[in-house]
Amino acid sequence: MLQNIILTTGIYDLIKDHIRRNRVTREEENLLIAELKKASQVRRRDLPNDIVTVNRKVTYKNYLTNEEKTVVFVGPEKSKVSKSKISILSDEGIAMVGYRVGNLIDWPSKKGNLKLEILKVEELA
């Protein structure tokens with residue numbers, strides 16, 4: 001990918017557990033393991049404001065559908081698609097977590113390859 005991702009320790013552990021439970025494709029697993037090896041881990045309070053993580057509103061462009069979408073990434077147990085609250089372990093979430101505004105991400109997912117650009121990241125009050 002483009003750069004080393006930045007994650008909180010909690011998100012790092014969540015992703016490792018997600019991999020361990022075989023919830024990703026083999027290709028995703030290989031990419032995630034490589035990214036986790038290079039990832040910077042920080043405390044939640046030290047995470048830069050423009051990094052995709054849980055409890056942040058993210059606007060992104062999907063280049064394959066040419067659509068812009070705004071969602072709030074949440075923990076898997078708080079996902080409510082009808083309210084645009086999407087699990088950080090969803091295909092889009094796992095592709096973008098740890099990346100920042102301006103990053104363009106090509107990601108293989110269970111529902112097909114994704115090409116996403118992070119346009120805006122906002123902290124929730």
# chains A, B, ... in the order shown; residues from 1 in each chain; ligands from 1
$ select_by_dssp --residues "chain A" --states "alpha helix (DSSP H)" --output "PyMOL selection string"
chain A and resi 9-20+26-38+91-96
$ residues_around --residues "A:Tyr99" --least-positions-apart "2" --cutoff "7 Å" --atoms "only C-alpha atoms" --output "PyMOL selection string"
chain A and resi 5-6+51-52+96-97+103
$ closest_residue --among "A:Asp13, A:Glu28, A:Glu117, A:Glu68" --to "A:Gly102" --atoms "only C-alpha atoms"
A:Glu117
$ select_by_dssp --residues "chain A" --states "strand (DSSP E)" --output "VMD selection string"
chain A and resid 6 to 8 40 to 42 56 to 62 67 to 74 85 to 87 104 to 107 114 to 123
$ residues_around --residues "stretch 43-49 of chain A" --least-positions-apart "2" --cutoff "9 Å" --atoms "only C-alpha atoms" --output "list of chain:residue names"
A:Ile6, A:Leu7, A:Thr8, A:Thr9, A:Gly10, A:Gln41, A:Ile51, A:Val52, A:Arg56, A:Arg100, A:Val121, A:Glu122, A:Glu123
$ residues_around --residues "A:Asn55" --least-positions-apart "5" --cutoff "7 Å" --atoms "only C-alpha atoms" --output "JSON, numbers by chain"
{"A": [72, 73, 74, 123, 124]}
$ write_last_selection --atoms "C-alpha atoms" --output "PDB file, in the first residue's frame"
ATOM      1  CA  VAL A  72     -19.327   6.354  10.734  1.00  0.00           C
ATOM      2  CA  PHE A  73     -17.031   3.428  11.428  1.00  0.00           C
ATOM      3  CA  VAL A  74     -17.935   1.621  14.642  1.00  0.00           C
ATOM      4  CA  GLU A 123     -14.031  13.039  14.987  1.00  0.00           C
ATOM      5  CA  LEU A 124     -17.411  12.567  16.617  1.00  0.00           C
TER       6      LEU A 124
END
$ residues_around --residues "A:Lys115" --least-positions-apart "6" --cutoff "8 Å" --atoms "only C-alpha atoms" --output "JSON, numbers by chain"
{"A": [62, 63, 64, 104, 105, 106, 107]}
$ write_last_selection --atoms "all heavy atoms" --output "CSV table (one decimal), in the first residue's frame"
chain,number,residue,atom,x,y,z
A,62,ASN,N,-15.7,5.9,-3.9
A,62,ASN,CA,-15.5,4.6,-4.5
A,62,ASN,C,-15.3,4.8,-6.0
A,62,ASN,O,-16.2,5.2,-6.7
A,62,ASN,CB,-16.7,3.7,-4.2
A,62,ASN,CG,-16.5,2.3,-4.7
A,62,ASN,OD1,-15.8,2.0,-5.7
A,62,ASN,ND2,-17.2,1.3,-4.0
A,63,TYR,N,-14.1,4.6,-6.5
A,63,TYR,CA,-13.8,4.8,-7.9
A,63,TYR,C,-14.4,3.8,-8.8
A,63,TYR,O,-14.5,4.0,-10.0
A,63,TYR,CB,-12.3,4.9,-8.1
A,63,TYR,CG,-11.8,6.3,-7.8
A,63,TYR,CD1,-11.3,6.5,-6.5
A,63,TYR,CD2,-11.8,7.3,-8.7
A,63,TYR,CE1,-10.8,7.8,-6.1
A,63,TYR,CE2,-11.3,8.6,-8.3
A,63,TYR,CZ,-10.8,8.8,-7.1
A,63,TYR,OH,-10.4,10.1,-6.7
A,64,LEU,N,-14.8,2.6,-8.3
A,64,LEU,CA,-15.4,1.6,-9.2
A,64,LEU,C,-16.9,1.9,-9.4
A,64,LEU,O,-17.4,1.6,-10.5
A,64,LEU,CB,-15.2,0.2,-8.5
A,64,LEU,CG,-13.8,-0.2,-8.3
A,64,LEU,CD1,-13.7,-1.6,-7.7
A,64,LEU,CD2,-13.0,-0.1,-9.6
A,104,LEU,N,-5.3,6.9,-1.4
A,104,LEU,CA,-6.0,6.1,-2.4
A,104,LEU,C,-5.7,4.6,-2.2
A,104,LEU,O,-4.5,4.3,-2.1
A,104,LEU,CB,-5.6,6.5,-3.8
A,104,LEU,CG,-6.4,5.9,-5.0
A,104,LEU,CD1,-7.9,6.2,-4.9
A,104,LEU,CD2,-5.8,6.4,-6.3
A,105,ILE,N,-6.7,3.8,-2.0
A,105,ILE,CA,-6.4,2.4,-1.5
A,105,ILE,C,-7.1,1.5,-2.5
A,105,ILE,O,-8.2,1.6,-2.9
A,105,ILE,CB,-7.1,2.2,-0.1
A,105,ILE,CG1,-6.4,3.1,0.9
A,105,ILE,CG2,-6.9,0.7,0.3
A,105,ILE,CD1,-7.4,3.8,1.8
A,106,ASP,N,-6.2,0.5,-3.0
A,106,ASP,CA,-6.7,-0.6,-3.8
A,106,ASP,C,-6.7,-1.8,-2.9
A,106,ASP,O,-5.7,-2.1,-2.3
A,106,ASP,CB,-5.8,-0.9,-5.0
A,106,ASP,CG,-5.9,0.2,-6.1
A,106,ASP,OD1,-7.0,0.4,-6.5
A,106,ASP,OD2,-4.8,0.7,-6.5
A,107,TRP,N,-7.9,-2.4,-2.8
A,107,TRP,CA,-8.0,-3.5,-1.8
A,107,TRP,C,-8.9,-4.7,-2.4
A,107,TRP,O,-9.9,-4.4,-2.9
A,107,TRP,CB,-8.7,-2.9,-0.6
A,107,TRP,CG,-8.6,-3.9,0.6
A,107,TRP,CD1,-9.5,-4.7,1.1
A,107,TRP,CD2,-7.5,-4.0,1.5
A,107,TRP,NE1,-9.0,-5.4,2.1
A,107,TRP,CE2,-7.8,-5.0,2.4
A,107,TRP,CE3,-6.2,-3.4,1.5
A,107,TRP,CZ2,-6.9,-5.4,3.4
A,107,TRP,CZ3,-5.3,-3.8,2.5
A,107,TRP,CH2,-5.6,-4.8,3.4
$ residues_around --residues "A:Arg23" --least-positions-apart "4" --cutoff "12 Å" --atoms "only C-alpha atoms" --output "NGL selection string"
:A and (14-19 or 27-29 or 32 or 89-91 or 94 or 109-110)
